[in-house]
Amino acid sequence: MTPTQIKQSRQLLGFNQDELAKALGWTTKRNVINLEHQVNPKPCTVQTALSIECLLRREELWEQFVKTAE
């Protein structure tokens with residue numbers, strides 16, 4: 001996932017950075033900030049991408065995300 005896709009998915013979920021971090025099991029929003037950073041972003045791991053996908057699917061937002069990511 002790109003930094004833009006991560007931010008879009010977070011916004012679709014209605015989460016702020018802290019809320020997404022907690023949903024992913026992280027203790028700080030710093031990881032989310034690093035992933036969304038447009039300049040030299042931290043690479044998104046497959047595990048993180050799949051976790052975000054699961055959150056979107058659980059809220060029935062996956063199809064909407066795919067359409068906006070095209």
# chains A, B, ... in the order shown; residues from 1 in each chain; ligands from 1
$ select_by_dssp --residues "chain A" --states "alpha helix (DSSP H)" --output "PyMOL selection string"
chain A and resi 3-13+17-23+30-36+46-58+62-69
$ residues_around --residues "Cys54 in chain A" --least-positions-apart "4" --cutoff "12 Å" --atoms "only C-alpha atoms" --output "mmCIF file with all heavy atoms, in the first residue's frame"
data_model
loop_
_atom_site.group_PDB
_atom_site.id
_atom_site.type_symbol
_atom_site.label_atom_id
_atom_site.label_comp_id
_atom_site.auth_asym_id
_atom_site.auth_seq_id
_atom_site.Cartn_x
_atom_site.Cartn_y
_atom_site.Cartn_z
ATOM 1 N N SER A 9 -7.574 4.791 3.247
ATOM 2 C CA SER A 9 -8.247 3.723 3.989
ATOM 3 C C SER A 9 -8.575 4.180 5.405
ATOM 4 O O SER A 9 -9.667 3.912 5.911
ATOM 5 C CB SER A 9 -7.393 2.453 4.012
ATOM 6 O OG SER A 9 -6.178 2.653 4.666
ATOM 7 N N LEU A 13 -12.402 4.584 6.972
ATOM 8 C CA LEU A 13 -12.781 3.952 8.237
ATOM 9 C C LEU A 13 -13.263 4.975 9.264
ATOM 10 O O LEU A 13 -13.847 4.607 10.278
ATOM 11 C CB LEU A 13 -11.597 3.159 8.812
ATOM 12 C CG LEU A 13 -11.229 1.887 8.048
ATOM 13 C CD1 LEU A 13 -9.835 1.425 8.417
ATOM 14 C CD2 LEU A 13 -12.261 0.802 8.325
ATOM 15 N N ALA A 23 -6.222 0.218 16.321
ATOM 16 C CA ALA A 23 -6.895 -0.880 15.614
ATOM 17 C C ALA A 23 -5.886 -1.893 15.067
ATOM 18 O O ALA A 23 -6.198 -3.078 14.944
ATOM 19 C CB ALA A 23 -7.754 -0.324 14.487
ATOM 20 N N LEU A 24 -4.679 -1.419 14.765
ATOM 21 C CA LEU A 24 -3.628 -2.305 14.267
ATOM 22 C C LEU A 24 -2.796 -2.909 15.393
ATOM 23 O O LEU A 24 -1.871 -3.682 15.137
ATOM 24 C CB LEU A 24 -2.718 -1.534 13.300
ATOM 25 C CG LEU A 24 -3.384 -1.074 12.000
ATOM 26 C CD1 LEU A 24 -2.451 -0.166 11.214
ATOM 27 C CD2 LEU A 24 -3.815 -2.269 11.166
ATOM 28 N N GLN A 47 1.890 -7.659 6.227
ATOM 29 C CA GLN A 47 1.026 -7.876 7.388
ATOM 30 C C GLN A 47 0.179 -6.638 7.680
ATOM 31 O O GLN A 47 -1.023 -6.742 7.940
ATOM 32 C CB GLN A 47 1.856 -8.238 8.618
ATOM 33 C CG GLN A 47 1.014 -8.500 9.844
ATOM 34 C CD GLN A 47 1.859 -8.878 11.049
ATOM 35 O OE1 GLN A 47 3.071 -8.983 10.977
ATOM 36 N NE2 GLN A 47 1.205 -9.071 12.178
ATOM 37 N N THR A 48 0.772 -5.460 7.606
ATOM 38 C CA THR A 48 0.029 -4.226 7.854
ATOM 39 C C THR A 48 -1.013 -4.002 6.773
ATOM 40 O O THR A 48 -2.159 -3.650 7.068
ATOM 41 C CB THR A 48 0.988 -3.027 7.950
ATOM 42 O OG1 THR A 48 1.879 -3.231 9.044
ATOM 43 C CG2 THR A 48 0.235 -1.728 8.157
ATOM 44 N N ALA A 49 -0.636 -4.218 5.519
ATOM 45 C CA ALA A 49 -1.585 -4.041 4.415
ATOM 46 C C ALA A 49 -2.768 -4.992 4.566
ATOM 47 O O ALA A 49 -3.926 -4.594 4.370
ATOM 48 C CB ALA A 49 -0.883 -4.261 3.081
ATOM 49 N N LEU A 50 -2.496 -6.238 4.922
ATOM 50 C CA LEU A 50 -3.579 -7.206 5.111
ATOM 51 C C LEU A 50 -4.460 -6.840 6.307
ATOM 52 O O LEU A 50 -5.674 -7.026 6.264
ATOM 53 C CB LEU A 50 -3.015 -8.619 5.279
ATOM 54 C CG LEU A 50 -2.426 -9.243 4.021
ATOM 55 C CD1 LEU A 50 -1.733 -10.564 4.351
ATOM 56 C CD2 LEU A 50 -3.496 -9.448 2.967
ATOM 57 N N ARG A 58 -14.246 -5.718 7.106
ATOM 58 C CA ARG A 58 -15.142 -5.877 8.258
ATOM 59 C C ARG A 58 -16.203 -4.785 8.275
ATOM 60 O O ARG A 58 -17.355 -5.012 8.636
ATOM 61 C CB ARG A 58 -14.335 -5.867 9.563
ATOM 62 C CG ARG A 58 -15.192 -6.116 10.794
ATOM 63 C CD ARG A 58 -14.378 -6.185 12.045
ATOM 64 N NE ARG A 58 -13.772 -4.884 12.306
ATOM 65 C CZ ARG A 58 -12.782 -4.681 13.154
ATOM 66 N NH1 ARG A 58 -12.251 -5.682 13.811
ATOM 67 N NH2 ARG A 58 -12.303 -3.476 13.339
ATOM 68 N N GLU A 59 -15.827 -3.592 7.858
ATOM 69 C CA GLU A 59 -16.760 -2.469 7.822
ATOM 70 C C GLU A 59 -17.464 -2.343 6.466
ATOM 71 O O GLU A 59 -18.150 -1.350 6.218
ATOM 72 C CB GLU A 59 -16.022 -1.160 8.149
ATOM 73 C CG GLU A 59 -15.421 -1.133 9.538
ATOM 74 C CD GLU A 59 -16.438 -1.268 10.645
ATOM 75 O OE1 GLU A 59 -17.553 -0.695 10.512
ATOM 76 O OE2 GLU A 59 -16.140 -1.960 11.636
ATOM 77 N N GLU A 60 -17.249 -3.354 5.601
ATOM 78 C CA GLU A 60 -17.843 -3.390 4.263
ATOM 79 C C GLU A 60 -17.467 -2.158 3.433
ATOM 80 O O GLU A 60 -18.284 -1.592 2.705
ATOM 81 C CB GLU A 60 -19.352 -3.583 4.340
ATOM 82 C CG GLU A 60 -19.732 -4.889 5.015
ATOM 83 C CD GLU A 60 -21.226 -5.142 5.099
ATOM 84 O OE1 GLU A 60 -22.016 -4.311 4.617
ATOM 85 O OE2 GLU A 60 -21.595 -6.191 5.653
ATOM 86 N N LEU A 61 -16.206 -1.764 3.543
ATOM 87 C CA LEU A 61 -15.685 -0.610 2.822
ATOM 88 C C LEU A 61 -14.633 -0.984 1.778
ATOM 89 O O LEU A 61 -14.101 -0.104 1.093
ATOM 90 C CB LEU A 61 -15.080 0.399 3.808
ATOM 91 C CG LEU A 61 -16.048 1.048 4.783
ATOM 92 C CD1 LEU A 61 -15.301 1.789 5.878
ATOM 93 C CD2 LEU A 61 -16.983 1.982 4.037
ATOM 94 N N TRP A 62 -14.341 -2.279 1.658
ATOM 95 C CA TRP A 62 -13.268 -2.707 0.760
ATOM 96 C C TRP A 62 -13.558 -2.322 -0.691
ATOM 97 O O TRP A 62 -12.695 -1.797 -1.378
ATOM 98 C CB TRP A 62 -13.022 -4.199 0.896
ATOM 99 C CG TRP A 62 -11.972 -4.694 -0.052
ATOM 100 C CD1 TRP A 62 -12.149 -5.515 -1.116
ATOM 101 C CD2 TRP A 62 -10.573 -4.379 -0.021
ATOM 102 N NE1 TRP A 62 -10.955 -5.728 -1.755
ATOM 103 C CE2 TRP A 62 -9.963 -5.045 -1.107
ATOM 104 C CE3 TRP A 62 -9.771 -3.591 0.810
ATOM 105 C CZ2 TRP A 62 -8.605 -4.952 -1.372
ATOM 106 C CZ3 TRP A 62 -8.416 -3.504 0.541
ATOM 107 C CH2 TRP A 62 -7.852 -4.180 -0.546
ATOM 108 N N PHE A 65 -13.029 1.272 -1.263
ATOM 109 C CA PHE A 65 -11.597 1.585 -1.261
ATOM 110 C C PHE A 65 -10.958 1.228 -2.594
ATOM 111 O O PHE A 65 -10.200 2.008 -3.175
ATOM 112 C CB PHE A 65 -10.886 0.838 -0.129
ATOM 113 C CG PHE A 65 -9.383 0.929 -0.209
ATOM 114 C CD1 PHE A 65 -8.732 2.094 0.150
ATOM 115 C CD2 PHE A 65 -8.636 -0.133 -0.665
ATOM 116 C CE1 PHE A 65 -7.347 2.199 0.053
ATOM 117 C CE2 PHE A 65 -7.264 -0.051 -0.765
ATOM 118 C CZ PHE A 65 -6.614 1.118 -0.397
#
$ residues_around --residues "range 33-43 of chain A" --least-positions-apart "4" --cutoff "9 Å" --atoms "only C-alpha atoms" --output "list in words"
Met1, Thr2, Pro3, Thr4, Gln5, Ile6, Lys7, Gln17 and Lys29 of chain A
$ closest_residue --among "A:Glu70, A:Glu63, A:Asp18, A:Glu53" --to "Val32 in chain A" --atoms "only C-alpha atoms"
A:Asp18
$ atom_distance --atom1 "CA of Val66 in chain A" --atom2 "CA of Arg10 in chain A"
13.4 Å
$ decode --residues "range 5-40 of chain A" --atoms "N, CA and C atoms" --output "CSV table (one decimal), in the first residue's frame"
chain,number,residue,atom,x,y,z
A,5,GLN,N,-2.8,5.5,-0.2
A,5,GLN,CA,-3.8,4.5,0.0
A,5,GLN,C,-4.0,4.2,1.5
A,6,ILE,N,-2.9,4.3,2.3
A,6,ILE,CA,-3.1,4.1,3.7
A,6,ILE,C,-3.9,5.2,4.3
A,7,LYS,N,-3.6,6.5,3.9
A,7,LYS,CA,-4.4,7.6,4.4
A,7,LYS,C,-5.9,7.5,4.0
A,8,GLN,N,-6.1,7.1,2.7
A,8,GLN,CA,-7.5,7.0,2.2
A,8,GLN,C,-8.2,5.9,3.0
A,9,SER,N,-7.6,4.8,3.2
A,9,SER,CA,-8.2,3.7,4.0
A,9,SER,C,-8.6,4.2,5.4
A,10,ARG,N,-7.7,4.9,6.0
A,10,ARG,CA,-7.9,5.4,7.4
A,10,ARG,C,-9.1,6.4,7.4
A,11,GLN,N,-9.2,7.2,6.4
A,11,GLN,CA,-10.3,8.2,6.3
A,11,GLN,C,-11.6,7.5,6.0
A,12,LEU,N,-11.6,6.5,5.1
A,12,LEU,CA,-12.8,5.7,4.9
A,12,LEU,C,-13.3,5.1,6.2
A,13,LEU,N,-12.4,4.6,7.0
A,13,LEU,CA,-12.8,4.0,8.2
A,13,LEU,C,-13.3,5.0,9.3
A,14,GLY,N,-13.0,6.2,9.0
A,14,GLY,CA,-13.4,7.3,9.9
A,14,GLY,C,-12.5,7.4,11.1
A,15,PHE,N,-11.2,6.9,11.0
A,15,PHE,CA,-10.2,6.9,12.0
A,15,PHE,C,-9.3,8.1,11.9
A,16,ASN,N,-8.9,8.6,13.1
A,16,ASN,CA,-7.7,9.5,13.1
A,16,ASN,C,-6.5,8.6,13.2
A,17,GLN,N,-5.3,9.1,13.1
A,17,GLN,CA,-4.1,8.3,13.1
A,17,GLN,C,-3.9,7.5,14.4
A,18,ASP,N,-4.3,8.0,15.5
A,18,ASP,CA,-4.2,7.3,16.8
A,18,ASP,C,-5.2,6.1,16.8
A,19,GLU,N,-6.4,6.3,16.3
A,19,GLU,CA,-7.4,5.2,16.2
A,19,GLU,C,-7.0,4.1,15.3
A,20,LEU,N,-6.4,4.4,14.2
A,20,LEU,CA,-5.9,3.4,13.3
A,20,LEU,C,-4.7,2.6,13.9
A,21,ALA,N,-3.8,3.3,14.6
A,21,ALA,CA,-2.7,2.7,15.3
A,21,ALA,C,-3.3,1.7,16.3
A,22,LYS,N,-4.3,2.1,17.1
A,22,LYS,CA,-4.8,1.2,18.1
A,22,LYS,C,-5.5,0.0,17.4
A,23,ALA,N,-6.2,0.2,16.3
A,23,ALA,CA,-6.9,-0.9,15.6
A,23,ALA,C,-5.9,-1.9,15.1
A,24,LEU,N,-4.7,-1.4,14.8
A,24,LEU,CA,-3.6,-2.3,14.3
A,24,LEU,C,-2.8,-2.9,15.4
A,25,GLY,N,-3.1,-2.6,16.6
A,25,GLY,CA,-2.4,-3.1,17.8
A,25,GLY,C,-1.1,-2.4,18.1
A,26,TRP,N,-1.0,-1.2,17.6
A,26,TRP,CA,0.2,-0.4,17.9
A,26,TRP,C,-0.1,0.5,19.1
A,27,THR,N,1.0,0.9,19.8
A,27,THR,CA,0.8,1.7,21.0
A,27,THR,C,0.9,3.2,20.7
A,28,THR,N,1.4,3.6,19.5
A,28,THR,CA,1.5,5.0,19.2
A,28,THR,C,1.2,5.2,17.8
A,29,LYS,N,0.7,6.4,17.5
A,29,LYS,CA,0.3,6.8,16.1
A,29,LYS,C,1.6,7.1,15.3
A,30,ARG,N,2.7,7.1,15.8
A,30,ARG,CA,4.0,7.4,15.1
A,30,ARG,C,4.1,6.5,13.9
A,31,ASN,N,3.8,5.2,14.1
A,31,ASN,CA,3.9,4.2,13.0
A,31,ASN,C,3.0,4.6,11.8
A,32,VAL,N,1.8,5.1,12.1
A,32,VAL,CA,0.9,5.5,11.1
A,32,VAL,C,1.4,6.8,10.4
A,33,ILE,N,1.9,7.7,11.1
A,33,ILE,CA,2.5,8.9,10.6
A,33,ILE,C,3.6,8.5,9.6
A,34,ASN,N,4.5,7.6,10.0
A,34,ASN,CA,5.6,7.2,9.2
A,34,ASN,C,5.1,6.5,7.9
A,35,LEU,N,4.0,5.8,8.0
A,35,LEU,CA,3.5,5.1,6.8
A,35,LEU,C,2.9,6.1,5.8
A,36,GLU,N,2.2,7.1,6.3
A,36,GLU,CA,1.5,8.1,5.5
A,36,GLU,C,2.4,9.2,5.0
A,37,HIS,N,3.6,9.3,5.5
A,37,HIS,CA,4.5,10.4,5.2
A,37,HIS,C,4.8,10.3,3.7
A,38,GLN,N,4.7,11.4,3.0
A,38,GLN,CA,4.8,11.4,1.5
A,38,GLN,C,6.3,11.4,1.1
A,39,VAL,N,7.2,11.9,1.9
A,39,VAL,CA,8.6,12.0,1.6
A,39,VAL,C,9.3,10.9,2.4
A,40,ASN,N,10.0,10.0,1.8
A,40,ASN,CA,10.7,8.9,2.5
A,40,ASN,C,9.8,8.1,3.5
